[in-house]
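Student: Structure file start-v7.csv (CSV, C-alpha atoms and all ligand atoms) right here:
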chain,number,residue,atom,x,y,z
C,1,MET,CA,-0.2,39.3,59.1
C,2,GLU,CA,2.7,39.8,56.7
C,3,ILE,CA,5.5,37.2,56.2
C,4,TYR,CA,8.6,38.5,54.4
C,5,LYS,CA,12.2,37.9,53.7
C,6,LEU,CA,14.7,40.0,55.7
C,7,ASN,CA,17.3,41.9,53.6
C,8,SER,CA,20.8,42.7,54.7
C,9,SER,CA,19.9,46.3,55.8
C,10,GLU,CA,17.5,44.7,58.4
C,11,TRP,CA,20.2,42.7,60.2
C,12,GLU,CA,19.3,44.3,63.5
C,13,ILE,CA,15.8,42.8,63.4
C,14,TYR,CA,17.4,39.4,63.0
C,15,ARG,CA,19.8,40.1,65.9
C,16,THR,CA,16.9,41.3,68.2
C,17,LEU,CA,14.7,38.3,67.5
C,18,ARG,CA,17.5,35.7,67.6
C,19,LEU,CA,18.8,37.0,70.9
C,20,GLU,CA,15.3,37.0,72.4
C,21,ALA,CA,14.8,33.4,71.2
C,22,LEU,CA,18.1,32.3,72.8
C,23,ARG,CA,17.3,34.1,76.1
C,24,GLU,CA,13.7,33.0,76.3
C,25,SER,CA,14.0,29.4,75.0
C,26,PRO,CA,17.6,28.3,75.8
C,27,GLN,CA,16.7,24.6,75.5
C,28,ALA,CA,15.4,25.1,72.0
C,29,PHE,CA,18.6,26.2,70.3
C,30,GLY,CA,22.3,25.1,70.2
C,31,ASP,CA,23.6,28.6,70.4
C,32,CYS,CA,24.1,30.2,73.8
C,33,PHE,CA,22.5,33.6,74.6
C,34,VAL,CA,25.5,34.9,76.6
C,35,GLU,CA,28.0,34.0,73.8
C,36,SER,CA,25.7,35.3,71.1
C,37,ALA,CA,25.1,38.6,72.9
C,38,LEU,CA,28.8,39.3,72.7
C,39,LEU,CA,29.1,38.8,68.9
C,40,SER,CA,30.1,41.8,66.7
C,41,ASP,CA,27.7,43.6,64.3
C,42,GLU,CA,29.8,42.1,61.5
C,43,HIS,CA,28.8,38.5,62.6
C,44,TRP,CA,25.1,39.3,62.4
C,45,LYS,CA,25.5,41.0,59.0
C,46,GLU,CA,27.5,38.0,57.6
C,47,GLU,CA,24.4,35.9,57.8
C,48,PHE,CA,23.1,37.8,54.8
C,49,GLU,CA,26.2,37.3,52.7
C,50,ASN,CA,25.3,33.7,51.8
C,51,PRO,CA,23.0,33.9,48.8
C,52,LYS,CA,21.7,30.4,49.6
C,53,SER,CA,20.5,31.4,53.0
C,54,PHE,CA,17.4,33.4,54.0
C,55,ILE,CA,15.4,34.5,57.0
C,56,LEU,CA,11.6,35.0,57.1
C,57,VAL,CA,9.9,37.1,59.7
C,58,ALA,CA,6.2,37.7,60.5
C,59,ARG,CA,4.8,41.0,61.5
C,60,ASP,CA,1.4,42.8,61.8
C,61,GLY,CA,2.1,46.4,61.2
C,62,GLY,CA,4.7,46.8,64.0
C,63,GLU,CA,7.9,45.0,64.9
C,64,PRO,CA,8.4,41.4,63.7
C,65,PHE,CA,7.3,38.8,66.3
C,66,ALA,CA,8.5,35.6,64.7
C,67,MET,CA,11.3,34.2,62.5
C,68,ALA,CA,12.3,31.1,60.7
C,69,ALA,CA,15.4,30.5,58.6
C,70,ALA,CA,16.9,28.1,56.1
C,71,TYR,CA,19.8,27.6,53.8
C,72,GLN,CA,20.7,25.3,50.9
C,73,GLU,CA,23.5,23.0,51.7
C,74,ASP,CA,26.8,23.6,49.8
C,75,GLY,CA,28.4,21.3,47.3
C,76,GLU,CA,27.5,18.9,44.5
C,77,LYS,CA,26.6,16.0,46.8
C,78,MET,CA,24.4,18.0,49.2
C,79,LYS,CA,22.8,20.8,47.3
C,80,HIS,CA,19.5,18.8,47.1
C,81,ILE,CA,19.1,19.4,50.9
C,82,ALA,CA,17.9,22.5,52.7
C,83,TYR,CA,18.4,23.0,56.5
C,84,VAL,CA,15.9,24.8,58.6
C,85,TRP,CA,17.0,26.6,61.8
C,86,GLY,CA,16.0,29.5,64.1
C,87,VAL,CA,12.3,28.9,64.3
C,88,TYR,CA,10.9,31.2,66.9
C,89,VAL,CA,7.5,32.8,67.8
C,90,LYS,CA,7.4,35.3,70.7
C,91,LYS,CA,5.5,33.9,73.6
C,92,ALA,CA,2.5,36.2,73.4
C,93,TYR,CA,1.9,35.2,69.8
C,94,ARG,CA,2.0,31.4,70.2
C,95,GLY,CA,-0.8,29.0,69.6
C,96,LYS,CA,-2.4,31.2,66.9
C,97,GLY,CA,-1.1,29.4,63.9
C,98,ILE,CA,1.8,31.8,63.2
C,99,GLY,CA,4.5,29.1,63.5
C,100,LYS,CA,2.7,26.9,61.0
C,101,GLN,CA,2.2,29.8,58.5
C,102,LEU,CA,5.8,30.8,58.8
C,103,MET,CA,7.0,27.3,58.3
C,104,GLU,CA,4.7,26.8,55.3
C,105,SER,CA,6.1,30.0,53.8
C,106,LEU,CA,9.6,28.8,54.5
C,107,LEU,CA,8.9,25.5,52.8
C,108,ASP,CA,7.4,27.4,49.8
C,109,GLU,CA,10.6,29.4,49.5
C,110,ILE,CA,12.7,26.3,49.7
C,111,ALA,CA,10.6,24.5,47.0
C,112,ALA,CA,11.0,27.6,44.8
C,113,ILE,CA,14.8,27.1,44.7
C,114,GLY,CA,14.0,24.3,42.4
C,115,GLU,CA,16.7,21.7,43.2
C,116,ILE,CA,15.8,20.9,46.8
C,117,GLU,CA,14.6,17.3,47.4
C,118,LYS,CA,14.6,17.1,51.2
C,119,VAL,CA,14.6,19.4,54.2
C,120,ASP,CA,16.4,18.6,57.4
C,121,LEU,CA,16.3,20.1,60.9
C,122,ASN,CA,17.3,19.4,64.5
C,123,VAL,CA,14.9,19.9,67.4
C,124,ASN,CA,15.2,19.4,71.1
C,125,ALA,CA,13.1,16.3,71.8
C,126,SER,CA,11.6,18.1,74.9
C,127,GLN,CA,10.2,21.0,72.7
C,128,LEU,CA,6.9,19.2,72.2
C,129,SER,CA,5.2,22.1,70.4
C,130,ALA,CA,8.0,22.3,67.9
C,131,VAL,CA,8.1,18.6,67.3
C,132,ARG,CA,4.4,18.5,66.8
C,133,LEU,CA,4.5,21.5,64.5
C,134,TYR,CA,7.1,19.8,62.3
C,135,GLU,CA,5.2,16.5,62.3
C,136,ARG,CA,2.0,18.4,61.2
C,137,LEU,CA,4.0,19.7,58.3
C,138,GLY,CA,5.2,16.3,57.1
C,139,PHE,CA,8.6,16.0,58.9
C,140,ALA,CA,9.5,12.7,60.5
C,141,VAL,CA,12.0,11.8,63.1
C,142,ALA,CA,15.0,10.1,61.4
C,143,GLY,CA,16.9,9.5,64.6
C,144,THR,CA,17.7,10.8,68.0
C,145,LEU,CA,21.0,12.2,69.3
C,146,HIS,CA,21.2,11.6,73.1
C,147,LYS,CA,22.5,14.2,75.6
C,148,GLU,CA,23.2,16.5,72.6
C,149,LEU,CA,22.7,19.7,74.7
C,150,LYS,CA,23.9,20.4,78.2
C,151,ILE,CA,22.5,23.3,80.0
C,152,GLY,CA,23.8,23.5,83.6
C,153,ASP,CA,23.5,20.0,84.8
C,154,GLN,CA,20.6,19.1,82.6
C,155,TYR,CA,21.0,17.1,79.3
C,156,PHE,CA,18.6,17.2,76.4
C,157,ASP,CA,18.1,14.8,73.5
C,158,GLU,CA,17.8,16.1,70.0
C,159,HIS,CA,15.7,14.7,67.2
C,160,VAL,CA,17.0,14.9,63.6
C,161,MET,CA,13.9,15.4,61.4
C,162,GLU,CA,13.6,15.2,57.7
C,163,LYS,CA,10.9,15.9,55.1
C,164,PHE,CA,11.0,14.9,51.5
C,165,LEU,CA,9.6,17.4,49.1
N,201,LIG,C1,7.4,25.9,68.3
N,201,LIG,C2,6.8,27.3,68.0
N,201,LIG,C3,7.6,28.0,66.9
N,201,LIG,C4,5.3,27.0,67.5
N,201,LIG,O1,4.8,28.3,67.1
N,201,LIG,P1,3.2,28.6,67.3
N,201,LIG,O2,3.0,29.9,66.5
N,201,LIG,O3,2.8,28.6,68.7
N,201,LIG,O4,2.6,27.3,66.5
N,201,LIG,P2,1.2,27.2,65.8
N,201,LIG,O5,0.2,28.0,66.6
N,201,LIG,O6,1.4,27.6,64.4
N,201,LIG,O7,0.9,25.7,66.0
N,201,LIG,C5,1.2,24.9,64.9
N,201,LIG,C6,1.2,23.4,65.4
N,201,LIG,O8,2.2,23.3,66.4
N,201,LIG,C7,1.7,22.4,67.4
N,201,LIG,N1,1.6,23.2,68.7
N,201,LIG,C8,1.7,24.5,68.9
N,201,LIG,N2,1.7,24.8,70.2
N,201,LIG,C9,1.5,23.6,70.8
N,201,LIG,C10,1.4,23.2,72.2
N,201,LIG,N3,1.4,24.2,73.2
N,201,LIG,N4,1.3,21.9,72.5
N,201,LIG,C11,1.3,21.0,71.5
N,201,LIG,N5,1.4,21.3,70.2
N,201,LIG,C12,1.5,22.6,69.8
N,201,LIG,C13,0.3,22.0,67.0
N,201,LIG,O9,0.5,20.8,66.3
N,201,LIG,C14,-0.1,23.0,66.1
N,201,LIG,O10,-0.9,22.6,65.1
N,201,LIG,P3,-2.5,22.5,65.3
N,201,LIG,O11,-2.9,23.9,65.8
N,201,LIG,O12,-3.0,22.2,63.9
N,201,LIG,O13,-2.7,21.5,66.3
N,201,LIG,C15,6.8,28.2,69.3
N,201,LIG,O14,6.1,27.4,70.3
N,201,LIG,C16,8.1,28.6,69.8
N,201,LIG,O15,8.7,29.6,69.3
N,201,LIG,N6,8.7,27.8,70.7
N,201,LIG,C17,10.0,28.1,71.3
N,201,LIG,C18,11.2,28.0,70.4
N,201,LIG,C19,11.2,26.6,69.7
N,201,LIG,O16,11.0,25.6,70.3
N,201,LIG,N7,11.6,26.6,68.4
N,201,LIG,C20,11.8,25.5,67.7
N,201,LIG,C21,13.3,25.3,67.5
N,201,LIG,S1,13.7,23.8,66.6
Is it possible to express this structure as C-alpha cells?
Tutor:
Amino acid sequence: MEIYKLNSSEWEIYRTLRLEALRESPQAFGDCFVESALLSDEHWKEEFENPKSFILVARDGGEPFAMAAAYQEDGEKMKHIAYVWGVYVKKAYRGKGIGKQLMESLLDEIAAIGEIEKVDLNVNASQLSAVRLYERLGFAVAGTLHKELKIGDQYFDEHVMEKFL
C-alpha cells in the first residue's frame, strides 16, 4: 500500500473521496453531503492553496480508498497546533490497519513541520472505531460538546481530542 500527499492537480480525487465519506458516514463529519455536492470545482481546488494544509491518501495500485487531512493553525499564538480532519477509509477496506497507518503517516508529516507541539481533532462520540483509533495513537478526550450535530431529529455529542507531540 502506498500513502502519499495529494497535489493540486489531483483535486478530483479529494472531491470523490470526501463526497463518498459525507454520503456514507454522515454522522462522522460536520459537513453535509447535499450541500457539499453542490460546491463548485473552485471550492475543492482552494483546499490546495493553503501551504499549511495537506491531504494524504492511501492506494494499492488503483484508485485511492482512504484519506486523512491536516492543517497548521494560523497566527503567532496558535501555530504550535495542527488540526486533523477528514479521516475516512472506504467500508470494504476497514479493519485492516489502514486508518492506523494513514494516521501515523499524517502524524509524521505534522511532526516534520517542526514547530507543532499538539494535534487537535473533533470526533463524533458515537464513532467508536474512530475514537478507539485516536486513543490508540495517543489522543485523549479533552472534553465533550453536547448535541453538537443534528441529523434529522437525532443529536450527536462530539469529543474534542488532543495529542501532545
Ligand atoms: C475510523 C476509521 C477511519 C478506522 O479505519 P480502519 O482502517 O478501519 O482502522 P484500522 O483497521 O487501522 O484500526 C485501527 C484501530 O481503530 C480501532 N478500530 C477500528 N475498527 C474498529 C471497530 N470496528 N471497533 C472498534 N475499534 C475499531 C482499533 O483500535 C484499531 O486498532 P487495533 O487493530 O490495534 O485494535 C474507519 O472506520 C472510518 O472511515 N469510519 C467512518 C468515518 C469516520 O468515522 N471517520 C472519523 C472522523 S473523525
Student: Just checking: using all atoms listed in the file, which residue out of C:Lys118, C:Lys52, C:Lys77, C:Arg23 ends up closest to ligand LIG 201 (chain N)?
Tutor: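 Ranking C:Lys118, C:Lys52, C:Lys77, C:Arg23 by distance to ligand LIG 201 (chain N), first place goes to C:Arg23.
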Student: Tell me, as number ranges by chain, which residues lie within 9 Å of stretch 10-15 of chain C, counting only C-alpha atoms; anything in the same chain fewer than 6 positions away does not count.
Tutor: C: 37, 41, 44-45, 47-48, 55, 57, 63-64, 67
Student: Which polymer residues have any atom within 9 Å of an atom of C:Tyr83, counting all atoms listed in the file, with same-chain residues fewer than 2 positions away left out, as a list in words?
Tutor: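 Here the qualifying residues turn out to be Ala69, Ala70, Tyr71, Gln72, Glu73, Ile81, Trp85, Lys118, Val119, Asp120, Leu121 and Asn122 of chain C.
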Student: Which residues form the shell of 10 Å around ligand LIG 201 (chain N) when you count only C-alpha atoms and all ligand atoms, given as a PyMOL selection string?
Tutor: chain C and resi 21-22+24-30+65-68+84-104+121-137+158-161
Student: Given the selection you just returned, output its residues as a file containing C-alpha atoms, formatted as a JSON list (two decimals), in the frame of the given file.
Tutor:
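The resulting file, again.json, is shown below:
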[["chain", "number", "residue", "atom", "x", "y", "z"],
["C", 21, "ALA", "CA", 14.80, 33.40, 71.20],
["C", 22, "LEU", "CA", 18.10, 32.30, 72.80],
["C", 24, "GLU", "CA", 13.70, 33.00, 76.30],
["C", 25, "SER", "CA", 14.00, 29.40, 75.00],
["C", 26, "PRO", "CA", 17.60, 28.30, 75.80],
["C", 27, "GLN", "CA", 16.70, 24.60, 75.50],
["C", 28, "ALA", "CA", 15.40, 25.10, 72.00],
["C", 29, "PHE", "CA", 18.60, 26.20, 70.30],
["C", 30, "GLY", "CA", 22.30, 25.10, 70.20],
["C", 65, "PHE", "CA", 7.30, 38.80, 66.30],
["C", 66, "ALA", "CA", 8.50, 35.60, 64.70],
["C", 67, "MET", "CA", 11.30, 34.20, 62.50],
["C", 68, "ALA", "CA", 12.30, 31.10, 60.70],
["C", 84, "VAL", "CA", 15.90, 24.80, 58.60],
["C", 85, "TRP", "CA", 17.00, 26.60, 61.80],
["C", 86, "GLY", "CA", 16.00, 29.50, 64.10],
["C", 87, "VAL", "CA", 12.30, 28.90, 64.30],
["C", 88, "TYR", "CA", 10.90, 31.20, 66.90],
["C", 89, "VAL", "CA", 7.50, 32.80, 67.80],
["C", 90, "LYS", "CA", 7.40, 35.30, 70.70],
["C", 91, "LYS", "CA", 5.50, 33.90, 73.60],
["C", 92, "ALA", "CA", 2.50, 36.20, 73.40],
["C", 93, "TYR", "CA", 1.90, 35.20, 69.80],
["C", 94, "ARG", "CA", 2.00, 31.40, 70.20],
["C", 95, "GLY", "CA", -0.80, 29.00, 69.60],
["C", 96, "LYS", "CA", -2.40, 31.20, 66.90],
["C", 97, "GLY", "CA", -1.10, 29.40, 63.90],
["C", 98, "ILE", "CA", 1.80, 31.80, 63.20],
["C", 99, "GLY", "CA", 4.50, 29.10, 63.50],
["C", 100, "LYS", "CA", 2.70, 26.90, 61.00],
["C", 101, "GLN", "CA", 2.20, 29.80, 58.50],
["C", 102, "LEU", "CA", 5.80, 30.80, 58.80],
["C", 103, "MET", "CA", 7.00, 27.30, 58.30],
["C", 104, "GLU", "CA", 4.70, 26.80, 55.30],
["C", 121, "LEU", "CA", 16.30, 20.10, 60.90],
["C", 122, "ASN", "CA", 17.30, 19.40, 64.50],
["C", 123, "VAL", "CA", 14.90, 19.90, 67.40],
["C", 124, "ASN", "CA", 15.20, 19.40, 71.10],
["C", 125, "ALA", "CA", 13.10, 16.30, 71.80],
["C", 126, "SER", "CA", 11.60, 18.10, 74.90],
["C", 127, "GLN", "CA", 10.20, 21.00, 72.70],
["C", 128, "LEU", "CA", 6.90, 19.20, 72.20],
["C", 129, "SER", "CA", 5.20, 22.10, 70.40],
["C", 130, "ALA", "CA", 8.00, 22.30, 67.90],
["C", 131, "VAL", "CA", 8.10, 18.60, 67.30],
["C", 132, "ARG", "CA", 4.40, 18.50, 66.80],
["C", 133, "LEU", "CA", 4.50, 21.50, 64.50],
["C", 134, "TYR", "CA", 7.10, 19.80, 62.30],
["C", 135, "GLU", "CA", 5.20, 16.50, 62.30],
["C", 136, "ARG", "CA", 2.00, 18.40, 61.20],
["C", 137, "LEU", "CA", 4.00, 19.70, 58.30],
["C", 158, "GLU", "CA", 17.80, 16.10, 70.00],
["C", 159, "HIS", "CA", 15.70, 14.70, 67.20],
["C", 160, "VAL", "CA", 17.00, 14.90, 63.60],
["C", 161, "MET", "CA", 13.90, 15.40, 61.40]]
Student: With distances taken over only C-alpha atoms, which residue among C:Ser36, C:Asn7, C:Ser105, C:Thr16 lies nearest C:Asn50?
Tutor: C:Asn7
Student: What's the separation between atom CA of C:Phe139 and atom CA of C:Glu162, in Å to one decimal place?
Tutor: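 Calculated distance between atom CA of C:Phe139 and atom CA of C:Glu162 is 5.2 Å.
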Student: Please report the interatomic distance between atom CA of C:Thr144 and atom CA of C:Asp157 in Å with one decimal.
Tutor: 6.8 Å
Student: Which distance in Å separates atom CA of C:Ser8 and atom CA of C:Ala58, to one decimal?
Tutor: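 For atom CA of C:Ser8 relative to atom CA of C:Ala58, the distance reads 16.5 Å.
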